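The structure appears right after this line, and notes come after that.
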Amino acid sequence: MYKKIYKEIKKYDTIVIARHVGVDPDALASQLALRDSIRLTFPEKKVYAIGTGSAKFVHIGKLDKIEPVDDALLIVTDTPDKKRVDSVDFSMFSYKIKIDHHPFIEKYCDLELIEDTASSACEIIMELILNTKLGCNRTIAETLFMGLVSDSNRFLFNSCTTNTFMLVSKFLDAYRFDIGELYQKLYLRPLCEVRLEGYIASNMEVTDNGLGYVKITDEVINQFGVDSASAGNMVNNFNFIHEVLVWATITEDIRNNQVRVSIRSRGPAVNKVAEKYNGGGHMFASGARVKTFDEAMQLMSDLDQLLLEYNEDNKEE
Ligand code: AMP
């Protein structure tokens with residue numbers, strides 16, 4: 001499959017690389033690293049990475065603007081379904097490739113490389129580089145490392161395998177990048193976010209079944225002086241609490257007129273419940289965008305029921 005993808009890349013003079021809406025570091029890093037690797041290998045090709053940017057992730061790299069293209073190849077990273085691909089007119093492209101690590105949802109490209117046991121989309125791009133003649137340099141290796149580290153929550157998730165560590169080790173050995181420097185870029189944050197973290201810890205509701213959730217209203221977001229994306233992302237900081245098996249942040253996003261629900265689990269798979277609310281994601285890291293807090297609370301009630309059943313099934317004799 002890697003060779004097939006390389007063959008298509010070789011064939012096209014213009015290549016556009018996209019990823020999902022609601023950009024996150026792995027989605028962004030996978031598209032930028034692939035773009036830079038193709039540019040390095042084939043300097044004569046026009047290669048663009050597109051989508052809505054985020055000031056929060058400028059340290060990962062910059063996106064491009066494109067003109068309408070003709071006879072071009074589209075590569076989409078980190079996106080299992082067509083409706084979540086950011087800023088792409090599919091009719092513009094002669095051939096389409098998907099590279100993803102989410103559980104399969106639908107086929108929407110001519111060629112699809114899906115490795116749902118990979119820690120991140122960046123892990124698959126690492127494999128693609130190692131298994132083809134695509135080039136790499138220190139900047140590309142750093143970008144891939146940042147995406148992988150973010151999506152695995154610093155190697156905390158079960159999605160990290162021996163392969164993940166082997167790939168990281170190979171890239172680290174070859175390009176000798178400074179991990180400490182990259183962690184600063186990824187994790188240095190303002191005091192207001194740490195203070196909001198304290199608010200979440202103090203205000204998290206925890207049910208008898210082990211569901212933890214917190215509502216973060218626009219008023220709270222303004223009170224702490226943070227943005228709604230950073231507030232929602234704090235879900236990642238609440239793992240490993242004895243009393244909590246599934247946890248969620250419910251964040252009001254006034255600008256987009258929606259409520260973002262971000263869910264994590266170290267017990268039952270939660271993606272099916274998220275799908276019921278027009279969301280989705282990984283088994284243990286899912287999300288949904290709903291219209292109201294009431295709808296979000298309905299989702300919480302479904303998660304609580306899921307936990308009730310999970311606890312029944314896993315009761316110690
Ligand atoms: P979040 O923590 O909200 O960023 O979401 C965690 C994961 O869930 C994301 O990486 C996506 O894979 C998935 N996800 C979030 N929102 C949606 C959505 N509206 N539809 C499908 N998948 C989603």
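The way I read the labels, and the way they are meant: chains A, B, ... in the order of the structure tokens, residue 1 as the first residue of every chain, and ligand 1 as the first ligand shown, with later ones counted on from there.
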Polymer residues at most 10 Å from Ile9 in chain A, only C-alpha atoms, same-chain spacing of 3 or more positions, as a ChimeraX atom specification: /A:3-6,12-15,38,42,45,72-75,97,134
Please check which protein, DNA or RNA residues sit within 6 Å of ligand 1, counting only C-alpha atoms and all ligand atoms, and write them as a PDB file with C-alpha atoms, in the first residue's frame.
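Final file, part-v5.pdb:
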ATOM      1  CA  VAL A 261     -18.589  17.494  24.005  1.00  0.00           C
ATOM      2  CA  SER A 262     -15.188  15.822  24.385  1.00  0.00           C
ATOM      3  CA  ASN A 278     -23.666  13.034  15.148  1.00  0.00           C
ATOM      4  CA  GLY A 279     -20.163  12.713  16.577  1.00  0.00           C
ATOM      5  CA  GLY A 280     -17.630   9.915  16.563  1.00  0.00           C
ATOM      6  CA  GLY A 281     -13.947   9.256  17.003  1.00  0.00           C
ATOM      7  CA  HIS A 282     -11.781   6.589  18.582  1.00  0.00           C
ATOM      8  CA  ALA A 285     -11.341   9.309  22.756  1.00  0.00           C
ATOM      9  CA  SER A 286     -14.464  10.617  21.071  1.00  0.00           C
ATOM     10  CA  GLY A 287     -16.360  13.813  20.608  1.00  0.00           C
ATOM     11  CA  ALA A 288     -19.586  15.352  19.394  1.00  0.00           C
ATOM     12  CA  ARG A 289     -20.831  18.828  18.593  1.00  0.00           C
TER      13      ARG A 289
END
How many Å lie between CA of Glu219 in chain A and CA of Val244 in chain A, rounded to one decimal? 26.1 Å
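Nearest to Asp227 in chain A of all the residues A:Val270, A:Cys109, A:Lys56, A:Leu188 is A:Lys56, based on only C-alpha atoms.
Closest approach to Lys315 in chain A from the set A:Asn209, A:Phe284, A:Gly147, A:Ala274 is made by A:Asn209, with distances taken over only C-alpha atoms.
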Looking at only C-alpha atoms, which of A:Leu128, A:Val235, A:Ile17, A:Val149 is the one that sits closest to Val85 in chain A? A:Ile17
Which residue is closest to Ala248 in chain A? Choose from A:Phe57, A:Phe224, A:Tyr183, A:Tyr213 and count only C-alpha atoms. A:Tyr213
In terms of the shortest atom-to-atom distance over only C-alpha atoms, which of A:Met92, A:Ala174, A:Ala29, A:Ala269 is closest to Asn137 in chain A? A:Ala174
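Taking CA of Gln31 in chain A and CA of Thr77 in chain A as endpoints, the distance between them is 6.2 Å.
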Residues of range 4-211 of chain A in strand (DSSP E), written as number ranges by chain: A: 14-18, 46-49, 72-77, 93-100, 111-114, 205-206, 211
Dump N, CA, C and O atoms for the selected residues as a compact mmCIF listing (two decimals), in the first residue's frame?
# COMPACT_ATOMS: atom_id res chain seq x y z
N THR A 14 0.53 18.27 -9.28
CA THR A 14 -0.09 19.10 -8.23
C THR A 14 -0.74 18.18 -7.20
O THR A 14 -1.52 17.28 -7.55
N ILE A 15 -0.41 18.43 -5.95
CA ILE A 15 -0.94 17.58 -4.87
C ILE A 15 -1.47 18.48 -3.75
O ILE A 15 -0.79 19.43 -3.32
N VAL A 16 -2.68 18.18 -3.31
CA VAL A 16 -3.28 18.95 -2.22
C VAL A 16 -3.50 18.00 -1.03
O VAL A 16 -4.00 16.89 -1.20
N ILE A 17 -3.11 18.46 0.14
CA ILE A 17 -3.24 17.60 1.33
C ILE A 17 -4.19 18.27 2.32
O ILE A 17 -3.98 19.42 2.72
N ALA A 18 -5.24 17.54 2.69
CA ALA A 18 -6.26 18.10 3.57
C ALA A 18 -6.39 17.21 4.82
O ALA A 18 -5.78 16.15 4.91
N LYS A 46 3.96 21.02 -7.28
CA LYS A 46 3.26 22.01 -6.46
C LYS A 46 2.51 21.23 -5.38
O LYS A 46 1.62 20.42 -5.71
N VAL A 47 2.84 21.45 -4.13
CA VAL A 47 2.20 20.70 -3.04
C VAL A 47 1.64 21.68 -2.01
O VAL A 47 2.35 22.57 -1.54
N TYR A 48 0.36 21.52 -1.70
CA TYR A 48 -0.30 22.43 -0.78
C TYR A 48 -0.92 21.67 0.39
O TYR A 48 -1.51 20.61 0.19
N ALA A 49 -0.83 22.27 1.57
CA ALA A 49 -1.57 21.74 2.73
C ALA A 49 -2.67 22.77 3.03
O ALA A 49 -2.37 23.94 3.24
N ALA A 72 -5.29 17.16 -10.37
CA ALA A 72 -4.49 17.11 -9.14
C ALA A 72 -4.85 15.88 -8.31
O ALA A 72 -5.91 15.28 -8.46
N LEU A 73 -3.91 15.55 -7.43
CA LEU A 73 -4.11 14.45 -6.48
C LEU A 73 -4.50 15.05 -5.13
O LEU A 73 -3.89 16.02 -4.67
N LEU A 74 -5.52 14.46 -4.50
CA LEU A 74 -5.91 14.87 -3.15
C LEU A 74 -5.50 13.79 -2.17
O LEU A 74 -5.78 12.61 -2.38
N ILE A 75 -4.83 14.18 -1.09
CA ILE A 75 -4.56 13.22 -0.01
C ILE A 75 -5.20 13.79 1.26
O ILE A 75 -4.96 14.94 1.62
N VAL A 76 -6.04 12.98 1.90
CA VAL A 76 -6.67 13.43 3.15
C VAL A 76 -6.07 12.61 4.29
O VAL A 76 -6.09 11.37 4.24
N THR A 77 -5.56 13.29 5.31
CA THR A 77 -5.03 12.55 6.45
C THR A 77 -6.00 12.67 7.64
O THR A 77 -6.72 13.66 7.77
N PHE A 93 -10.62 17.04 -8.08
CA PHE A 93 -9.46 16.14 -8.06
C PHE A 93 -9.63 14.90 -8.94
O PHE A 93 -10.71 14.31 -9.01
N SER A 94 -8.52 14.51 -9.59
CA SER A 94 -8.55 13.35 -10.48
C SER A 94 -8.45 12.05 -9.67
O SER A 94 -8.96 11.01 -10.08
N TYR A 95 -7.74 12.11 -8.56
CA TYR A 95 -7.52 10.89 -7.77
C TYR A 95 -7.44 11.28 -6.30
O TYR A 95 -6.94 12.35 -5.96
N LYS A 96 -7.97 10.39 -5.43
CA LYS A 96 -8.02 10.75 -4.00
C LYS A 96 -7.46 9.61 -3.15
O LYS A 96 -7.77 8.44 -3.39
N ILE A 97 -6.69 9.99 -2.13
CA ILE A 97 -6.11 9.00 -1.22
C ILE A 97 -6.45 9.39 0.22
O ILE A 97 -6.36 10.56 0.58
N LYS A 98 -6.84 8.40 1.01
CA LYS A 98 -7.06 8.64 2.45
C LYS A 98 -5.96 7.94 3.25
O LYS A 98 -5.63 6.78 2.96
N ILE A 99 -5.42 8.62 4.25
CA ILE A 99 -4.46 8.00 5.17
C ILE A 99 -4.98 8.27 6.58
O ILE A 99 -4.99 9.42 7.04
N ASP A 100 -5.43 7.23 7.28
CA ASP A 100 -6.15 7.49 8.54
C ASP A 100 -5.92 6.41 9.59
O ASP A 100 -5.63 5.26 9.26
N LEU A 111 -8.07 5.29 -3.05
CA LEU A 111 -7.11 4.44 -2.34
C LEU A 111 -7.16 4.81 -0.86
O LEU A 111 -7.09 5.99 -0.53
N GLU A 112 -7.31 3.81 0.00
CA GLU A 112 -7.44 4.15 1.43
C GLU A 112 -6.46 3.33 2.26
O GLU A 112 -6.52 2.09 2.27
N LEU A 113 -5.59 4.00 2.95
CA LEU A 113 -4.67 3.33 3.87
C LEU A 113 -5.20 3.61 5.28
O LEU A 113 -5.11 4.73 5.79
N ILE A 114 -5.78 2.57 5.89
CA ILE A 114 -6.34 2.74 7.23
C ILE A 114 -5.62 1.81 8.19
O ILE A 114 -5.66 0.59 8.02
N GLU A 205 -18.84 16.96 38.07
CA GLU A 205 -19.86 16.11 38.69
C GLU A 205 -19.44 14.66 38.45
O GLU A 205 -19.00 14.32 37.34
N VAL A 206 -19.59 13.81 39.47
CA VAL A 206 -19.21 12.41 39.28
C VAL A 206 -20.38 11.52 39.70
O VAL A 206 -20.89 11.64 40.82
N LEU A 211 -19.06 8.24 35.89
CA LEU A 211 -19.00 9.24 34.83
C LEU A 211 -18.66 10.60 35.44
O LEU A 211 -19.35 11.05 36.36
Mind checking which residues fall within 12 Å of Thr162 in chain A, counting only C-alpha atoms, ignoring those fewer than 6 positions away in the same chain, and posting them as a PyMOL selection string? chain A and resi 117-119+123+155+168-169
Next, dump the selected residues to file, keeping only N, CA, C and O atoms, as a CSV table (one decimal), in the first residue's frame.
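Listing of again-v7.csv after writing:
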chain,number,residue,atom,x,y,z
A,117,THR,N,-4.9,0.7,14.3
A,117,THR,CA,-4.2,0.4,15.5
A,117,THR,C,-3.0,1.4,15.7
A,117,THR,O,-2.2,1.2,16.7
A,118,ALA,N,-2.8,2.3,14.7
A,118,ALA,CA,-1.7,3.2,14.9
A,118,ALA,C,-2.1,4.3,15.9
A,118,ALA,O,-3.2,4.7,16.0
A,119,SER,N,-1.1,4.8,16.6
A,119,SER,CA,-1.3,5.8,17.7
A,119,SER,C,-1.8,7.1,17.1
A,119,SER,O,-2.5,7.9,17.8
A,123,GLU,N,2.1,8.6,12.9
A,123,GLU,CA,2.7,7.3,12.9
A,123,GLU,C,2.7,6.7,11.5
A,123,GLU,O,3.7,6.1,11.1
A,155,PHE,N,2.3,9.4,24.9
A,155,PHE,CA,2.5,8.0,25.0
A,155,PHE,C,1.7,7.3,26.2
A,155,PHE,O,2.0,6.3,26.7
A,168,VAL,N,9.5,6.0,16.7
A,168,VAL,CA,10.0,7.2,17.4
A,168,VAL,C,11.5,7.1,17.5
A,168,VAL,O,12.3,8.0,17.3
A,169,SER,N,11.9,5.9,18.0
A,169,SER,CA,13.3,5.7,18.2
A,169,SER,C,14.1,5.9,16.9
A,169,SER,O,15.2,6.5,16.9
If you count only C-alpha atoms, the residue of A:Lys272, A:Arg176, A:Arg154, A:Arg189 closest to Ala231 in chain A turns out to be A:Arg189
